[in-house]
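Student: Pasting structure-v7.cif below, which is mmCIF, C-alpha atoms.
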```
data_model
loop_
_atom_site.group_PDB
_atom_site.id
_atom_site.type_symbol
_atom_site.label_atom_id
_atom_site.label_comp_id
_atom_site.auth_asym_id
_atom_site.auth_seq_id
_atom_site.Cartn_x
_atom_site.Cartn_y
_atom_site.Cartn_z
ATOM 1 C CA MET A 1 24.685 139.150 33.853
ATOM 2 C CA SER A 2 26.151 142.556 34.711
ATOM 3 C CA ASN A 3 22.744 144.210 34.433
ATOM 4 C CA GLN A 4 21.175 141.573 36.644
ATOM 5 C CA GLN A 5 23.822 142.031 39.313
ATOM 6 C CA LYS A 6 22.937 145.719 39.572
ATOM 7 C CA GLN A 7 19.255 145.112 40.322
ATOM 8 C CA TRP A 8 19.799 145.211 44.062
ATOM 9 C CA GLY A 9 16.574 147.119 44.727
ATOM 10 C CA ALA A 10 14.490 144.321 43.209
ATOM 11 C CA ILE A 11 16.652 141.663 44.889
ATOM 12 C CA ILE A 12 16.100 143.200 48.330
ATOM 13 C CA VAL A 13 12.371 143.461 47.651
ATOM 14 C CA MET A 14 12.146 139.818 46.570
ATOM 15 C CA ILE A 15 13.962 138.729 49.748
ATOM 16 C CA ALA A 16 11.481 140.848 51.710
ATOM 17 C CA LEU A 17 8.670 139.039 49.895
ATOM 18 C CA PHE A 18 10.141 135.724 51.026
ATOM 19 C CA ALA A 19 9.680 137.028 54.563
ATOM 20 C CA MET A 20 6.196 138.399 53.917
ATOM 21 C CA ILE A 21 4.951 135.087 52.533
ATOM 22 C CA ALA A 22 5.679 133.484 55.903
ATOM 23 C CA PHE A 23 4.488 136.551 57.818
ATOM 24 C CA VAL A 24 1.054 136.736 56.156
ATOM 25 C CA THR A 25 0.578 132.956 56.090
ATOM 26 C CA ASN A 26 1.353 132.567 59.806
ATOM 27 C CA LEU A 27 -0.693 135.660 60.635
ATOM 28 C CA CYS A 28 -3.810 133.506 60.214
ATOM 29 C CA SER A 29 -3.338 131.664 63.517
ATOM 30 C CA PRO A 30 -3.212 134.706 65.842
ATOM 31 C CA MET A 31 -5.903 136.357 63.715
ATOM 32 C CA GLY A 32 -8.086 133.344 64.525
ATOM 33 C CA VAL A 33 -7.899 134.305 68.212
ATOM 34 C CA ILE A 34 -8.794 137.898 67.383
ATOM 35 C CA VAL A 35 -11.697 136.889 65.140
ATOM 36 C CA LYS A 36 -13.081 134.583 67.819
ATOM 37 C CA ASN A 37 -13.098 137.411 70.355
ATOM 38 C CA GLN A 38 -14.417 140.123 68.041
ATOM 39 C CA PHE A 39 -17.235 138.146 66.447
ATOM 40 C CA GLY A 40 -17.959 135.671 69.262
ATOM 41 C CA THR A 41 -17.457 132.609 67.054
ATOM 42 C CA THR A 42 -16.534 129.048 67.982
ATOM 43 C CA ASN A 43 -12.940 127.812 67.718
ATOM 44 C CA PHE A 44 -13.833 125.975 64.517
ATOM 45 C CA MET A 45 -15.345 129.052 62.892
ATOM 46 C CA ALA A 46 -12.421 131.198 63.987
ATOM 47 C CA MET A 47 -9.999 128.892 62.182
ATOM 48 C CA ILE A 48 -11.974 128.784 58.925
ATOM 49 C CA GLY A 49 -9.965 131.795 57.799
ATOM 50 C CA ASN A 50 -6.820 129.712 58.246
ATOM 51 C CA TYR A 51 -8.334 126.884 56.218
ATOM 52 C CA GLY A 52 -9.384 129.374 53.549
ATOM 53 C CA ASN A 53 -5.874 130.764 53.336
ATOM 54 C CA PHE A 54 -4.349 127.365 52.653
ATOM 55 C CA GLY A 55 -7.320 126.290 50.538
ATOM 56 C CA ALA A 56 -6.377 129.111 48.190
ATOM 57 C CA TYR A 57 -3.269 127.118 47.256
ATOM 58 C CA LEU A 58 -5.544 124.419 45.846
ATOM 59 C CA LEU A 59 -7.485 127.089 43.973
ATOM 60 C CA MET A 60 -4.523 129.056 42.584
ATOM 61 C CA GLY A 61 -1.727 126.483 42.224
ATOM 62 C CA PHE A 62 -2.328 125.572 38.581
ATOM 63 C CA PRO A 63 -3.486 129.055 37.462
ATOM 64 C CA SER A 64 -0.304 130.567 38.947
ATOM 65 C CA GLY A 65 1.837 128.383 36.712
ATOM 66 C CA MET A 66 -0.265 129.321 33.702
ATOM 67 C CA MET A 67 0.116 133.021 34.548
ATOM 68 C CA ILE A 68 3.903 132.688 34.583
ATOM 69 C CA GLN A 69 3.857 130.849 31.283
ATOM 70 C CA LYS A 70 1.637 133.478 29.652
ATOM 71 C CA TRP A 71 2.849 136.733 31.231
ATOM 72 C CA GLY A 72 6.255 135.965 32.728
ATOM 73 C CA TYR A 73 7.608 136.292 36.259
ATOM 74 C CA LYS A 74 7.500 140.064 36.553
ATOM 75 C CA ARG A 75 3.856 140.541 35.557
ATOM 76 C CA THR A 76 2.808 137.545 37.641
ATOM 77 C CA ALA A 77 4.621 138.980 40.662
ATOM 78 C CA LEU A 78 2.882 142.339 40.144
ATOM 79 C CA ILE A 79 -0.512 140.623 39.907
ATOM 80 C CA GLY A 80 0.238 138.654 43.068
ATOM 81 C CA LEU A 81 1.163 141.851 44.910
ATOM 82 C CA LEU A 82 -2.056 143.570 43.818
ATOM 83 C CA VAL A 83 -4.018 140.564 45.057
ATOM 84 C CA GLY A 84 -2.086 140.704 48.348
ATOM 85 C CA ILE A 85 -2.756 144.413 48.806
ATOM 86 C CA THR A 86 -6.461 143.755 48.239
ATOM 87 C CA GLY A 87 -6.494 140.851 50.704
ATOM 88 C CA ILE A 88 -4.788 142.824 53.482
ATOM 89 C CA VAL A 89 -7.155 145.785 53.042
ATOM 90 C CA VAL A 90 -10.218 143.499 53.072
ATOM 91 C CA GLN A 91 -9.037 141.765 56.257
ATOM 92 C CA TRP A 92 -8.468 145.132 57.914
ATOM 93 C CA LEU A 93 -11.964 146.297 56.876
ATOM 94 C CA SER A 94 -13.475 143.159 58.391
ATOM 95 C CA GLY A 95 -13.296 144.911 61.763
ATOM 96 C CA TRP A 96 -16.291 146.882 60.516
ATOM 97 C CA GLY A 97 -17.683 144.466 57.920
ATOM 98 C CA GLY A 98 -17.953 141.278 59.944
ATOM 99 C CA MET A 99 -16.860 137.655 59.784
ATOM 100 C CA ALA A 100 -17.794 137.124 56.122
ATOM 101 C CA VAL A 101 -15.562 140.020 55.067
ATOM 102 C CA TYR A 102 -12.666 138.559 57.061
ATOM 103 C CA LEU A 103 -13.077 135.167 55.372
ATOM 104 C CA VAL A 104 -13.082 136.785 51.927
ATOM 105 C CA GLY A 105 -9.921 138.687 52.861
ATOM 106 C CA ALA A 106 -8.242 135.507 54.094
ATOM 107 C CA LEU A 107 -9.053 133.721 50.834
ATOM 108 C CA ILE A 108 -7.736 136.634 48.748
ATOM 109 C CA SER A 109 -4.550 136.764 50.839
ATOM 110 C CA GLY A 110 -4.115 133.026 50.378
ATOM 111 C CA CYS A 111 -4.343 133.455 46.596
ATOM 112 C CA CYS A 112 -1.620 136.103 46.853
ATOM 113 C CA MET A 113 0.636 133.791 48.860
ATOM 114 C CA CYS A 114 0.199 131.014 46.299
ATOM 115 C CA ILE A 115 1.076 133.311 43.386
ATOM 116 C CA LEU A 116 4.112 134.750 45.180
ATOM 117 C CA ASN A 117 5.303 131.304 46.293
ATOM 118 C CA THR A 118 5.225 130.249 42.659
ATOM 119 C CA VAL A 119 7.179 133.241 41.405
ATOM 120 C CA VAL A 120 9.685 134.364 44.067
ATOM 121 C CA ASN A 121 12.191 131.490 43.828
ATOM 122 C CA PRO A 122 12.740 131.568 40.057
ATOM 123 C CA MET A 123 12.530 135.362 39.925
ATOM 124 C CA LEU A 124 15.149 135.823 42.645
ATOM 125 C CA ASN A 125 17.361 133.298 40.865
ATOM 126 C CA ILE A 126 17.024 135.305 37.644
ATOM 127 C CA LEU A 127 17.790 138.586 39.408
ATOM 128 C CA GLY A 128 20.923 136.995 40.844
ATOM 129 C CA GLY A 129 22.093 135.867 37.424
ATOM 130 C CA GLY A 130 21.454 132.171 38.023
ATOM 131 C CA GLY A 131 24.012 129.603 39.121
ATOM 132 C CA ASN A 132 25.593 129.772 42.561
ATOM 133 C CA LYS A 133 24.767 133.456 42.997
ATOM 134 C CA GLY A 134 21.073 132.851 42.341
ATOM 135 C CA ASN A 135 21.027 129.879 44.710
ATOM 136 C CA GLN A 136 22.735 131.919 47.428
ATOM 137 C CA LEU A 137 20.052 134.587 47.141
ATOM 138 C CA ILE A 138 17.325 131.953 47.391
ATOM 139 C CA GLN A 139 18.949 130.577 50.547
ATOM 140 C CA THR A 140 19.113 134.097 51.969
ATOM 141 C CA GLY A 141 15.419 134.510 51.192
ATOM 142 C CA GLY A 142 14.747 131.234 52.999
ATOM 143 C CA VAL A 143 16.464 132.555 56.131
ATOM 144 C CA PHE A 144 14.247 135.644 56.129
ATOM 145 C CA ASN A 145 11.204 133.452 55.465
ATOM 146 C CA SER A 146 11.893 131.333 58.557
ATOM 147 C CA THR A 147 12.685 134.394 60.677
ATOM 148 C CA ALA A 148 9.408 136.087 59.706
ATOM 149 C CA ALA A 149 7.451 132.924 60.531
ATOM 150 C CA VAL A 150 8.691 133.209 64.122
ATOM 151 C CA ALA A 151 8.524 137.007 64.303
ATOM 152 C CA VAL A 152 4.818 137.167 63.446
ATOM 153 C CA TYR A 153 3.897 135.362 66.676
ATOM 154 C CA ILE A 154 6.147 137.629 68.738
ATOM 155 C CA ILE A 155 4.729 140.768 67.120
ATOM 156 C CA MET A 156 1.117 139.628 67.368
ATOM 157 C CA GLY A 157 1.628 138.537 70.977
ATOM 158 C CA ALA A 158 2.859 142.026 71.808
ATOM 159 C CA LEU A 159 -0.015 143.668 69.919
ATOM 160 C CA ILE A 160 -2.801 141.492 71.256
ATOM 161 C CA GLY A 161 -1.831 141.798 74.918
ATOM 162 C CA ASP A 162 -4.904 140.393 76.645
ATOM 163 C CA ALA A 163 -6.143 137.718 74.230
ATOM 164 C CA ALA A 164 -9.572 137.731 75.856
ATOM 165 C CA LYS A 165 -10.103 141.341 74.727
ATOM 166 C CA ALA A 166 -8.301 141.295 71.370
ATOM 167 C CA LYS A 167 -9.908 143.024 68.384
ATOM 168 C CA ILE A 168 -8.938 143.289 64.714
ATOM 169 C CA SER A 169 -7.930 146.884 65.346
ATOM 170 C CA ASP A 170 -5.158 145.513 67.614
ATOM 171 C CA ALA A 171 -3.652 143.786 64.572
ATOM 172 C CA THR A 172 -3.664 146.972 62.472
ATOM 173 C CA PRO A 173 0.113 147.633 62.837
ATOM 174 C CA ALA A 174 0.966 144.123 61.600
ATOM 175 C CA LEU A 175 -1.465 144.418 58.686
ATOM 176 C CA MET A 176 -0.068 147.831 57.760
ATOM 177 C CA ILE A 177 3.507 146.470 57.801
ATOM 178 C CA ALA A 178 2.484 143.789 55.317
ATOM 179 C CA LEU A 179 0.556 146.325 53.224
ATOM 180 C CA ALA A 180 3.493 148.758 53.096
ATOM 181 C CA ILE A 181 5.952 146.061 51.994
ATOM 182 C CA PHE A 182 3.583 144.864 49.277
ATOM 183 C CA VAL A 183 3.138 148.426 47.972
ATOM 184 C CA ILE A 184 6.892 149.116 48.010
ATOM 185 C CA ALA A 185 7.555 145.773 46.315
ATOM 186 C CA PHE A 186 5.032 146.568 43.595
ATOM 187 C CA ILE A 187 6.638 149.952 42.873
ATOM 188 C CA VAL A 188 10.206 148.617 42.809
ATOM 189 C CA ILE A 189 9.429 145.570 40.668
ATOM 190 C CA PHE A 190 7.264 147.649 38.298
ATOM 191 C CA PHE A 191 10.179 149.975 37.522
ATOM 192 C CA THR A 192 12.828 147.219 37.364
ATOM 193 C CA LYS A 193 13.782 145.813 33.974
ATOM 194 C CA ILE A 194 14.022 142.047 34.251
ATOM 195 C CA GLU A 195 15.321 139.731 31.533
ATOM 196 C CA GLU A 196 13.404 136.577 32.290
ATOM 197 C CA ARG A 197 15.241 134.075 30.107
ATOM 198 C CA ARG A 198 12.107 132.252 29.191
ATOM 199 C CA LYS A 199 10.882 130.888 25.913
ATOM 200 C CA THR A 200 7.911 132.560 24.322
ATOM 201 C CA ALA A 201 5.307 130.715 22.304
#
```
Would you give me this structure, written as C-alpha coordinates?

Tutor:
Amino acid sequence: MSNQQKQWGAIIVMIALFAMIAFVTNLCSPMGVIVKNQFGTTNFMAMIGNYGNFGAYLLMGFPSGMMIQKWGYKRTALIGLLVGITGIVVQWLSGWGGMAVYLVGALISGCCMCILNTVVNPMLNILGGGGNKGNQLIQTGGVFNSTAAVAVYIIMGALIGDAAKAKISDATPALMIALAIFVIAFIVIFFTKIEERRKTA
(Lines of atoms letter the chains of each structure in order from A and count residues from 1; the text may use other names and numbers.)
(Lines give C-alpha, C1' and ligand atoms only; values in the text may rest on other atoms or scores of the structure.)
Protein backbone atom coordinates (compact mmCIF):
# COMPACT_ATOMS: atom_id res chain seq x y z
CA MET A 1 0.00 0.00 0.00
CA SER A 2 2.73 2.48 0.95
CA ASN A 3 4.66 1.73 -2.24
CA GLN A 4 1.55 2.18 -4.34
CA GLN A 5 0.78 5.53 -2.76
CA LYS A 6 4.19 6.83 -3.84
CA GLN A 7 3.67 6.05 -7.53
CA TRP A 8 2.37 9.52 -8.28
CA GLY A 9 4.18 9.75 -11.62
CA ALA A 10 2.31 6.72 -12.95
CA ILE A 11 -0.95 7.91 -11.36
CA ILE A 12 -0.72 11.29 -13.10
CA VAL A 13 0.09 9.58 -16.40
CA MET A 14 -2.89 7.23 -16.09
CA ILE A 15 -5.20 10.18 -15.40
CA ALA A 16 -3.73 11.86 -18.48
CA LEU A 17 -4.51 8.70 -20.44
CA PHE A 18 -8.12 8.95 -19.29
CA ALA A 19 -8.15 12.35 -20.97
CA MET A 20 -6.34 11.16 -24.09
CA ILE A 21 -8.81 8.33 -24.65
CA ALA A 22 -11.58 10.91 -25.03
CA PHE A 23 -9.32 13.32 -26.92
CA VAL A 24 -8.25 10.82 -29.61
CA THR A 25 -11.70 9.21 -29.87
CA ASN A 26 -13.47 12.56 -30.37
CA LEU A 27 -10.72 13.75 -32.70
CA CYS A 28 -12.30 11.58 -35.40
CA SER A 29 -15.24 13.93 -35.99
CA PRO A 30 -13.26 17.11 -36.78
CA MET A 31 -10.73 14.99 -38.67
CA GLY A 32 -13.64 13.87 -40.86
CA VAL A 33 -14.09 17.50 -41.96
CA ILE A 34 -10.38 17.81 -42.68
CA VAL A 35 -10.26 14.53 -44.62
CA LYS A 36 -13.25 15.57 -46.72
CA ASN A 37 -11.53 18.81 -47.71
CA GLN A 38 -8.07 17.36 -48.29
CA PHE A 39 -9.09 14.33 -50.33
CA GLY A 40 -12.34 15.63 -51.84
CA THR A 41 -14.43 12.75 -50.50
CA THR A 42 -18.15 12.55 -49.79
CA ASN A 43 -19.51 13.03 -46.26
CA PHE A 44 -19.99 9.28 -45.95
CA MET A 45 -16.41 8.50 -46.97
CA ALA A 46 -15.07 11.20 -44.67
CA MET A 47 -16.77 9.57 -41.69
CA ILE A 48 -15.52 6.05 -42.45
CA GLY A 49 -12.49 6.83 -40.32
CA ASN A 50 -14.86 7.48 -37.42
CA TYR A 51 -16.62 4.18 -38.04
CA GLY A 52 -13.26 2.43 -38.24
CA ASN A 53 -12.19 3.90 -34.93
CA PHE A 54 -15.23 2.56 -33.12
CA GLY A 55 -15.22 -0.65 -35.16
CA ALA A 56 -11.83 -1.35 -33.61
CA TYR A 57 -13.61 -1.88 -30.28
CA LEU A 58 -15.42 -4.84 -31.84
CA LEU A 59 -12.09 -6.13 -33.15
CA MET A 60 -10.02 -5.64 -29.98
CA GLY A 61 -12.52 -5.99 -27.12
CA PHE A 62 -12.00 -9.70 -26.43
CA PRO A 63 -8.26 -9.77 -27.29
CA SER A 64 -7.67 -6.88 -24.86
CA GLY A 65 -9.07 -8.93 -22.00
CA MET A 66 -6.94 -11.89 -23.01
CA MET A 67 -3.84 -9.67 -23.10
CA ILE A 68 -4.49 -8.53 -19.53
CA GLN A 69 -5.00 -12.09 -18.39
CA LYS A 70 -1.78 -13.27 -20.05
CA TRP A 71 0.57 -10.30 -19.57
CA GLY A 72 -0.97 -8.17 -16.84
CA TYR A 73 -2.06 -4.53 -16.76
CA LYS A 74 1.35 -2.92 -17.12
CA ARG A 75 2.46 -4.80 -20.24
CA THR A 76 -0.98 -4.43 -21.79
CA ALA A 77 -0.89 -0.68 -21.16
CA LEU A 78 2.56 -0.47 -22.77
CA ILE A 79 1.35 -2.41 -25.81
CA GLY A 80 -1.69 -0.14 -26.08
CA LEU A 81 0.54 2.94 -25.96
CA LEU A 82 2.81 1.57 -28.70
CA VAL A 83 -0.27 0.91 -30.83
CA GLY A 84 -1.49 4.45 -30.12
CA ILE A 85 1.85 6.00 -31.06
CA THR A 86 1.76 4.05 -34.33
CA GLY A 87 -1.82 5.12 -35.06
CA ILE A 88 -1.14 8.82 -34.47
CA VAL A 89 1.98 8.76 -36.68
CA VAL A 90 0.10 6.94 -39.48
CA GLN A 91 -2.76 9.46 -39.35
CA TRP A 92 -0.27 12.33 -39.52
CA LEU A 93 1.48 10.71 -42.51
CA SER A 94 -1.85 10.38 -44.31
CA GLY A 95 -1.45 14.02 -45.34
CA TRP A 96 1.08 12.68 -47.83
CA GLY A 97 -0.11 9.08 -48.17
CA GLY A 98 -3.77 9.58 -48.96
CA MET A 99 -7.17 8.47 -47.72
CA ALA A 100 -6.27 4.78 -47.35
CA VAL A 101 -3.39 5.65 -45.02
CA TYR A 102 -5.71 7.80 -42.90
CA LEU A 103 -8.22 4.95 -42.58
CA VAL A 104 -5.47 2.54 -41.50
CA GLY A 105 -4.31 5.08 -38.92
CA ALA A 106 -7.86 5.54 -37.61
CA LEU A 107 -8.27 1.78 -37.21
CA ILE A 108 -4.93 1.46 -35.40
CA SER A 109 -5.83 4.37 -33.10
CA GLY A 110 -9.18 2.74 -32.38
CA CYS A 111 -7.40 -0.47 -31.35
CA CYS A 112 -5.26 1.61 -28.98
CA MET A 113 -8.32 3.25 -27.43
CA CYS A 114 -9.94 -0.15 -26.86
CA ILE A 115 -6.84 -1.55 -25.16
CA LEU A 116 -6.41 1.53 -22.97
CA ASN A 117 -10.11 1.62 -22.07
CA THR A 118 -9.77 -1.96 -20.88
CA VAL A 119 -6.71 -1.31 -18.75
CA VAL A 120 -6.84 2.24 -17.33
CA ASN A 121 -9.64 1.79 -14.77
CA PRO A 122 -8.25 -1.29 -12.99
CA MET A 123 -4.66 -0.07 -13.31
CA LEU A 124 -5.44 3.32 -11.78
CA ASN A 125 -7.34 1.56 -8.99
CA ILE A 126 -4.28 -0.61 -8.31
CA LEU A 127 -1.93 2.38 -8.33
CA GLY A 128 -4.20 4.07 -5.79
CA GLY A 129 -4.11 1.06 -3.49
CA GLY A 130 -7.71 0.01 -4.14
CA GLY A 131 -10.71 0.86 -1.99
CA ASN A 132 -11.93 4.43 -1.66
CA LYS A 133 -8.59 5.89 -2.74
CA GLY A 134 -8.60 3.89 -5.97
CA ASN A 135 -12.21 4.85 -6.68
CA GLN A 136 -11.44 8.52 -6.07
CA LEU A 137 -8.63 8.38 -8.61
CA ILE A 138 -10.93 6.74 -11.15
CA GLN A 139 -13.49 9.51 -10.62
CA THR A 140 -10.74 12.10 -11.09
CA GLY A 141 -9.76 10.37 -14.33
CA GLY A 142 -13.40 10.51 -15.42
CA VAL A 143 -13.45 14.29 -14.91
CA PHE A 144 -10.39 14.70 -17.13
CA ASN A 145 -11.93 12.32 -19.68
CA SER A 146 -15.07 14.46 -19.97
CA THR A 147 -13.06 17.69 -20.07
CA ALA A 148 -10.85 16.40 -22.90
CA ALA A 149 -13.92 15.31 -24.88
CA VAL A 150 -15.06 18.95 -24.93
CA ALA A 151 -11.58 20.45 -25.31
CA VAL A 152 -10.80 18.55 -28.52
CA TYR A 153 -13.56 20.40 -30.39
CA ILE A 154 -12.40 23.76 -29.06
CA ILE A 155 -8.77 23.05 -29.99
CA MET A 156 -9.61 21.66 -33.42
CA GLY A 157 -11.97 24.57 -34.10
CA ALA A 158 -9.14 26.98 -33.37
CA LEU A 159 -6.68 25.00 -35.52
CA ILE A 160 -8.95 24.46 -38.49
CA GLY A 161 -10.07 28.07 -38.82
CA ASP A 162 -11.73 28.06 -42.23
CA ALA A 163 -13.24 24.57 -42.47
CA ALA A 164 -13.52 24.87 -46.25
CA LYS A 165 -9.71 25.04 -46.52
CA ALA A 166 -8.70 22.69 -43.70
CA LYS A 167 -5.88 20.20 -44.29
CA ILE A 168 -4.40 17.42 -42.16
CA SER A 169 -1.37 19.62 -41.58
CA ASP A 170 -3.70 22.00 -39.67
CA ALA A 171 -4.33 19.20 -37.16
CA THR A 172 -0.62 18.54 -36.60
CA PRO A 173 -0.46 20.34 -33.20
CA ALA A 174 -3.35 18.25 -31.83
CA LEU A 175 -1.81 15.02 -33.16
CA MET A 176 1.57 15.93 -31.68
CA ILE A 177 -0.02 16.63 -28.27
CA ALA A 178 -1.52 13.15 -28.28
CA LEU A 179 1.75 11.63 -29.51
CA ALA A 180 3.81 13.37 -26.80
CA ILE A 181 1.49 12.22 -24.00
CA PHE A 182 1.56 8.64 -25.27
CA VAL A 183 5.37 8.67 -25.41
CA ILE A 184 5.68 10.18 -21.92
CA ALA A 185 3.13 7.70 -20.58
CA PHE A 186 5.06 4.80 -22.08
CA ILE A 187 8.33 5.94 -20.47
CA VAL A 188 6.81 6.55 -17.03
CA ILE A 189 4.81 3.32 -16.92
CA PHE A 190 7.78 1.31 -18.25
CA PHE A 191 9.98 2.44 -15.35
CA THR A 192 7.25 2.15 -12.68
CA LYS A 193 7.08 -1.00 -10.59
CA ILE A 194 3.46 -2.07 -10.30
CA GLU A 195 2.18 -4.86 -8.06
CA GLU A 196 -0.86 -5.99 -9.99
CA ARG A 197 -2.56 -8.21 -7.42
CA ARG A 198 -3.65 -10.70 -9.98
CA LYS A 199 -3.63 -14.46 -9.98
CA THR A 200 -1.25 -16.20 -12.32
CA ALA A 201 -2.01 -19.48 -14.01

Student: What is the distance between atom CA of Ala149 of chain A and atom CA of Ala19 of chain A, in Å to one decimal?

Tutor: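 Straight-line distance from atom CA of Ala149 of chain A to atom CA of Ala19 of chain A works out to 7.6 Å.
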
Student: Go through A:Ala100, A:Ile15, A:Cys112, A:Ala158 one by one, measure the shortest atom-to-atom distance of each to Tyr57 of chain A using only C-alpha atoms, and give the residue with the smallest value.

Tutor: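 Nearest to Tyr57 of chain A: A:Cys112.
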
Student: Taking only C-alpha atoms into account, name the residue in A:Ile21, A:Ile48, A:Met14, A:Met176 that is nearest to Ser146 of chain A.

Tutor: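 The closest residue to Ser146 of chain A is A:Ile21.
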
Student: Any idea what the distance is between atom CA of Ser64 of chain A and atom CA of Thr118 of chain A?

Tutor: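 Here the two named atoms are 6.7 Å from each other.
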
Student: Could you check the closest approach to Trp96 of chain A for each of A:Phe186, A:Lys167, A:Pro122, A:Thr147 and tell me which residue wins, using all atoms listed in the file?

Tutor: A:Lys167

Student: Applied to this file, what does the PyMOL selection byres ((chain A and resi 101-110) around 9) return in terms of residues, put as number ranges by chain?

Tutor: A: 24-25, 28, 35, 48-57, 60, 83-100, 111-115

Student: May I have the residues from that selection written out with C-alpha atoms, as a PDB file, in the frame of the given file?

Tutor:
```
ATOM      1  CA  VAL A  24       1.054 136.736  56.156  1.00  0.00           C
ATOM      2  CA  THR A  25       0.578 132.956  56.090  1.00  0.00           C
ATOM      3  CA  CYS A  28      -3.810 133.506  60.214  1.00  0.00           C
ATOM      4  CA  VAL A  35     -11.697 136.889  65.140  1.00  0.00           C
ATOM      5  CA  ILE A  48     -11.974 128.784  58.925  1.00  0.00           C
ATOM      6  CA  GLY A  49      -9.965 131.795  57.799  1.00  0.00           C
ATOM      7  CA  ASN A  50      -6.820 129.712  58.246  1.00  0.00           C
ATOM      8  CA  TYR A  51      -8.334 126.884  56.218  1.00  0.00           C
ATOM      9  CA  GLY A  52      -9.384 129.374  53.549  1.00  0.00           C
ATOM     10  CA  ASN A  53      -5.874 130.764  53.336  1.00  0.00           C
ATOM     11  CA  PHE A  54      -4.349 127.365  52.653  1.00  0.00           C
ATOM     12  CA  GLY A  55      -7.320 126.290  50.538  1.00  0.00           C
ATOM     13  CA  ALA A  56      -6.377 129.111  48.190  1.00  0.00           C
ATOM     14  CA  TYR A  57      -3.269 127.118  47.256  1.00  0.00           C
ATOM     15  CA  MET A  60      -4.523 129.056  42.584  1.00  0.00           C
ATOM     16  CA  VAL A  83      -4.018 140.564  45.057  1.00  0.00           C
ATOM     17  CA  GLY A  84      -2.086 140.704  48.348  1.00  0.00           C
ATOM     18  CA  ILE A  85      -2.756 144.413  48.806  1.00  0.00           C
ATOM     19  CA  THR A  86      -6.461 143.755  48.239  1.00  0.00           C
ATOM     20  CA  GLY A  87      -6.494 140.851  50.704  1.00  0.00           C
ATOM     21  CA  ILE A  88      -4.788 142.824  53.482  1.00  0.00           C
ATOM     22  CA  VAL A  89      -7.155 145.785  53.042  1.00  0.00           C
ATOM     23  CA  VAL A  90     -10.218 143.499  53.072  1.00  0.00           C
ATOM     24  CA  GLN A  91      -9.037 141.765  56.257  1.00  0.00           C
ATOM     25  CA  TRP A  92      -8.468 145.132  57.914  1.00  0.00           C
ATOM     26  CA  LEU A  93     -11.964 146.297  56.876  1.00  0.00           C
ATOM     27  CA  SER A  94     -13.475 143.159  58.391  1.00  0.00           C
ATOM     28  CA  GLY A  95     -13.296 144.911  61.763  1.00  0.00           C
ATOM     29  CA  TRP A  96     -16.291 146.882  60.516  1.00  0.00           C
ATOM     30  CA  GLY A  97     -17.683 144.466  57.920  1.00  0.00           C
ATOM     31  CA  GLY A  98     -17.953 141.278  59.944  1.00  0.00           C
ATOM     32  CA  MET A  99     -16.860 137.655  59.784  1.00  0.00           C
ATOM     33  CA  ALA A 100     -17.794 137.124  56.122  1.00  0.00           C
ATOM     34  CA  CYS A 111      -4.343 133.455  46.596  1.00  0.00           C
ATOM     35  CA  CYS A 112      -1.620 136.103  46.853  1.00  0.00           C
ATOM     36  CA  MET A 113       0.636 133.791  48.860  1.00  0.00           C
ATOM     37  CA  CYS A 114       0.199 131.014  46.299  1.00  0.00           C
ATOM     38  CA  ILE A 115       1.076 133.311  43.386  1.00  0.00           C
TER      39      ILE A 115
END
```

Student: Rounded to one decimal in Å, what is the spacing between atom CA of Phe182 of chain A and atom CA of Leu27 of chain A?

Tutor: 15.2 Å

Student: Mind checking which residues fall within 12 Å of Leu137 of chain A, counting all atoms listed in the file, ignoring those fewer than 6 positions away in the same chain, and posting them as a PyMOL selection string?

Tutor: chain A and resi 5+8+10-16+18+120-131+143-144

Student: Starting from 4 Å padding per side, set up an axis-aligned box that covers all listed atoms of segment 180-193 of chain A and hand over centre and edge lengths in Å, one decimal, as lines of an AutoDock Vina configuration file.

Tutor:
```
center_x = 8.5
center_y = 147.4
center_z = 43.5
size_x = 18.6
size_y = 13.1
size_z = 27.1
```

Student: Would you please work out which residue, of A:Ile181, A:Ile189, A:Ala171, A:Ala166, is nearest to Gly40 of chain A when using only C-alpha atoms?

Tutor: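 The shortest atom-to-atom distance to Gly40 of chain A comes from A:Ala166.
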
Student: Leaving out Met156 of chain A and any residue of its chain fewer than 5 positions from it, which residues lie within 9 Å of it when counting all atoms listed in the file, given as a PyMOL selection string?

Tutor: chain A and resi 27+30-31+151+161+170-171+174

Student: Do you know which residues are at most 8 Å from segment 36-38 of chain A counting only C-alpha atoms, after dropping those on the same chain fewer than 2 positions away, and could you put them as a ChimeraX atom specification?

Tutor: /A:32-34,40-43,45-46,95,163-168
